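Raw upload.tsv, TSV, C-alpha atoms:
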chain	number	residue	atom	x	y	z
A	24	MET	CA	16.52	-5.07	-25.81
A	25	ARG	CA	17.48	-1.44	-26.34
A	26	ILE	CA	16.98	-0.69	-22.67
A	27	SER	CA	19.16	-3.68	-21.78
A	28	ILE	CA	21.89	-2.42	-24.11
A	29	ILE	CA	21.70	1.06	-22.57
A	30	MET	CA	21.84	-0.45	-19.08
A	31	ASN	CA	24.90	-2.55	-19.96
A	32	GLU	CA	26.64	0.42	-21.61
A	33	ILE	CA	26.12	2.52	-18.47
A	34	ASN	CA	27.39	-0.36	-16.36
A	35	VAL	CA	30.51	-1.05	-18.45
A	36	GLY	CA	31.30	2.64	-18.96
A	37	GLY	CA	30.82	3.39	-15.28
A	38	ASN	CA	32.97	0.42	-14.31
A	39	ALA	CA	35.78	1.58	-16.59
A	40	LEU	CA	35.54	5.17	-15.36
A	41	LEU	CA	35.37	4.40	-11.66
A	42	ILE	CA	37.81	1.47	-11.60
A	43	TYR	CA	40.52	2.78	-13.94
A	44	GLY	CA	39.84	6.52	-13.78
A	45	PHE	CA	39.12	7.01	-10.08
A	46	HIS	CA	40.69	3.77	-8.74
A	47	ARG	CA	37.59	2.89	-6.68
A	48	GLY	CA	37.94	-0.94	-6.74
A	49	THR	CA	34.82	-2.73	-5.50
A	50	GLU	CA	32.89	0.53	-5.23
A	51	GLY	CA	33.74	1.14	-8.88
A	52	VAL	CA	31.84	-2.02	-9.77
A	53	ALA	CA	28.90	-1.62	-7.38
A	54	ILE	CA	27.96	2.01	-8.06
A	55	PRO	CA	27.59	1.71	-11.87
A	56	THR	CA	25.61	-1.52	-11.46
A	57	LEU	CA	23.17	0.22	-9.11
A	58	VAL	CA	22.92	3.33	-11.31
A	59	SER	CA	22.46	1.34	-14.54
A	60	ARG	CA	19.68	-0.79	-13.05
A	61	GLY	CA	18.00	2.28	-11.59
A	62	VAL	CA	18.09	4.02	-14.98
A	63	ALA	CA	16.68	0.90	-16.66
A	64	ALA	CA	13.88	0.66	-14.08
A	65	VAL	CA	12.90	4.30	-14.61
A	66	VAL	CA	13.00	3.99	-18.42
A	67	ILE	CA	10.90	0.79	-18.38
A	68	THR	CA	8.36	2.37	-16.01
A	69	VAL	CA	8.04	5.43	-18.24
A	70	LYS	CA	7.59	3.22	-21.31
A	71	LEU	CA	4.97	1.10	-19.54
A	72	LEU	CA	2.96	4.23	-18.72
A	73	ASN	CA	2.52	4.92	-22.46
A	74	LYS	CA	-1.10	3.90	-23.20
A	75	GLU	CA	-0.39	3.60	-26.93
A	76	CYS	CA	1.72	0.49	-26.34
A	77	SER	CA	0.00	-2.89	-26.37
A	78	VAL	CA	1.50	-3.68	-22.96
A	79	HIS	CA	1.05	-0.82	-20.51
A	80	ILE	CA	0.04	-0.01	-16.96
A	81	GLU	CA	-2.63	2.45	-15.92
A	82	ARG	CA	-1.79	5.70	-14.13
A	83	ILE	CA	-4.15	5.20	-11.25
A	84	LEU	CA	-3.33	5.32	-7.60
A	85	ARG	CA	-6.16	3.54	-5.80
A	86	TYR	CA	-4.28	1.76	-3.10
A	87	GLN	CA	-6.49	0.76	-0.21
A	88	PHE	CA	-5.38	-1.63	2.44
A	89	ASP	CA	-7.69	-4.49	3.25
A	90	TRP	CA	-6.76	-4.58	6.93
A	91	SER	CA	-8.37	-7.96	7.52
A	92	MET	CA	-6.23	-9.42	4.72
A	93	VAL	CA	-3.10	-7.68	6.08
A	94	LYS	CA	-3.85	-9.14	9.52
A	95	ARG	CA	-4.25	-12.64	8.05
A	96	ILE	CA	-0.99	-12.32	6.11
A	97	LEU	CA	0.90	-11.04	9.14
A	98	SER	CA	-0.52	-13.79	11.34
A	99	ILE	CA	1.29	-16.25	9.06
A	100	GLY	CA	4.27	-14.10	8.09
A	101	ILE	CA	5.45	-12.99	11.52
A	102	PRO	CA	5.67	-16.49	13.08
A	103	ASN	CA	7.25	-17.80	9.88
A	104	GLY	CA	9.79	-14.97	9.93
A	105	MET	CA	10.58	-15.59	13.59
A	106	GLU	CA	11.05	-19.31	12.96
A	107	ASN	CA	13.32	-18.62	9.99
A	108	SER	CA	15.30	-16.08	12.05
A	109	MET	CA	15.85	-18.65	14.82
A	110	PHE	CA	16.96	-21.22	12.24
A	111	GLN	CA	19.44	-18.78	10.68
A	112	LEU	CA	20.72	-17.81	14.14
A	113	GLY	CA	21.30	-21.49	14.87
A	114	LYS	CA	23.23	-21.86	11.61
A	115	ILE	CA	25.40	-18.88	12.50
A	116	ILE	CA	26.14	-20.32	15.94
A	117	VAL	CA	27.08	-23.70	14.44
A	118	LEU	CA	29.26	-22.07	11.77
A	119	SER	CA	31.01	-19.90	14.34
A	120	LEU	CA	31.79	-23.03	16.33
A	121	ILE	CA	32.99	-24.91	13.24
A	122	SER	CA	35.20	-22.01	12.15
A	123	THR	CA	37.25	-22.40	15.33
A	124	PHE	CA	38.27	-25.96	14.37
A	125	GLY	CA	40.33	-25.07	11.30
A	126	THR	CA	40.20	-25.29	7.52
A	127	TYR	CA	39.79	-29.08	7.27
A	128	VAL	CA	36.67	-29.04	9.40
A	129	ILE	CA	35.28	-26.03	7.51
A	130	ALA	CA	35.85	-27.86	4.19
A	131	ALA	CA	34.30	-31.07	5.54
A	132	ASN	CA	31.28	-29.12	6.78
A	133	ALA	CA	30.84	-27.49	3.36
A	134	VAL	CA	31.04	-30.85	1.60
A	135	GLY	CA	28.63	-32.40	4.10
A	136	ASN	CA	26.13	-29.57	3.57
A	137	ALA	CA	26.38	-29.93	-0.22
A	138	VAL	CA	25.79	-33.68	-0.02
A	139	ALA	CA	22.93	-33.24	2.46
A	140	MET	CA	21.15	-30.94	-0.01
A	141	PHE	CA	20.57	-33.95	-2.26
A	142	SER	CA	18.11	-35.35	0.26
A	143	CYS	CA	16.05	-32.14	-0.03
A	144	LEU	CA	15.91	-32.10	-3.85
A	145	PRO	CA	12.69	-34.15	-4.24
A	146	GLY	CA	10.91	-31.88	-1.77
A	147	MET	CA	12.14	-28.69	-3.45
A	148	ALA	CA	11.24	-29.95	-6.92
A	149	ILE	CA	7.74	-31.07	-6.02
A	150	THR	CA	7.13	-27.84	-4.08
A	151	LEU	CA	7.41	-25.95	-7.36
A	152	ALA	CA	4.82	-28.24	-8.90
A	153	VAL	CA	2.50	-27.99	-5.88
A	154	THR	CA	2.23	-24.22	-6.23
A	155	THR	CA	1.19	-24.41	-9.85
A	156	VAL	CA	-1.15	-27.40	-9.56
A	157	ILE	CA	-2.95	-26.21	-6.42
A	158	SER	CA	-3.25	-22.65	-7.77
A	159	ARG	CA	-4.90	-23.90	-10.95
A	160	CYS	CA	-7.33	-26.06	-8.98
A	161	VAL	CA	-8.24	-23.18	-6.66
A	162	GLY	CA	-8.62	-20.87	-9.66
A	163	ALA	CA	-11.02	-23.35	-11.21
A	164	GLY	CA	-12.93	-23.52	-7.94
A	165	ASP	CA	-12.47	-27.29	-7.68
A	166	TYR	CA	-11.50	-27.78	-4.04
A	167	GLU	CA	-11.94	-31.54	-4.22
A	168	GLN	CA	-9.06	-31.65	-6.71
A	169	VAL	CA	-7.05	-29.42	-4.36
A	170	ARG	CA	-7.36	-32.03	-1.63
A	171	TYR	CA	-6.64	-34.88	-4.07
A	172	TYR	CA	-3.52	-33.33	-5.61
A	173	ASN	CA	-2.29	-32.00	-2.28
A	174	PHE	CA	-2.40	-35.52	-0.83
A	175	LYS	CA	-0.91	-37.09	-3.97
A	176	LEU	CA	1.97	-34.61	-4.17
A	177	LEU	CA	2.60	-34.84	-0.43
A	178	VAL	CA	2.90	-38.63	-0.68
A	179	SER	CA	5.17	-38.24	-3.73
A	180	THR	CA	7.36	-35.79	-1.81
A	181	HIS	CA	7.70	-38.12	1.16
A	182	ALA	CA	8.43	-41.12	-1.06
A	183	GLY	CA	11.07	-39.22	-3.02
A	184	MET	CA	12.73	-37.94	0.12
A	185	ILE	CA	12.72	-41.37	1.74
A	186	ILE	CA	14.34	-42.86	-1.37
A	187	SER	CA	16.98	-40.12	-1.57
A	188	ILE	CA	17.75	-40.27	2.16
A	189	LEU	CA	18.04	-44.08	2.13
A	190	SER	CA	20.27	-43.89	-0.95
A	191	MET	CA	22.55	-41.39	0.79
A	192	TRP	CA	22.59	-43.48	3.93
A	193	ILE	CA	23.51	-46.66	2.00
A	194	PHE	CA	26.27	-44.97	-0.01
Starting from the file, lay out its structure as structure tokens.
Amino acid sequence: MRISIIMNEINVGGNALLIYGFHRGTEGVAIPTLVSRGVAAVVITVKLLNKECSVHIERILRYQFDWSMVKRILSIGIPNGMENSMFQLGKIIVLSLISTFGTYVIAANAVGNAVAMFSCLPGMAITLAVTTVISRCVGAGDYEQVRYYNFKLLVSTHAGMIISILSMWIF
């Protein structure tokens, strides 16, 4: 709490100084925010290195890369990143096209996107549950429950999304 108070005092004081004293505008807000969070991060790290505290971190640097694990992670991460990049590029192209049509079309697109998000809500909500449930089952070493709950939550996700999509389509 004290560190948070110090961080906020640095932020507010820096904002006042840079905005009103040096007339920096947006920079006057951004710089103190960055500095205050950096100071808070350093102070918290120093406090966590104190072994006398009940919650602390060890001062050991034993970082070794497990290259087979890195390769497995990258074999999933790189294609996923490329797919996400292509999706975002597609969104940018569509938005650049929509922006040429005027403010009414831009507003209609924004409303349509907001309404369309409702069809994704069941999937997003159950995804949060899947992570926790499957992780607990894997941690317990019960892979039969992993398969059971994975199937059950997948069916629940599809049912929820079908219901929400049909409801949107009807209304």
* Asked: What does the distance from atom CA of Asn132 of chain A to atom CA of Ser119 of chain A come to in Å, to one decimal?
  ->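 Value for the atom CA of Asn132 of chain A-atom CA of Ser119 of chain A distance: 11.9 Å.
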* Nearest-residue call for Leu144 of chain A, choices A:Met92, A:Val156, A:Leu57, A:Ile188, using all atoms listed in the file -> A:Ile188
* Within 10 Å of Ala39 of chain A, counting only C-alpha atoms, which residues qualify if same-chain residues fewer than 6 places away don't, as a ChimeraX atom specification? -> /A:33,45-46,51-52,55
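The residue that comes closest to Ile29 of chain A, out of A:Ile80, A:Val58, A:Leu41, A:Val93 and on the basis of only C-alpha atoms, is A:Val58.
Minimum distance to Ile121 of chain A across A:Ala53, A:Ala133, A:Val178, A:Ala139 (counting only C-alpha atoms) occurs at A:Ala133.
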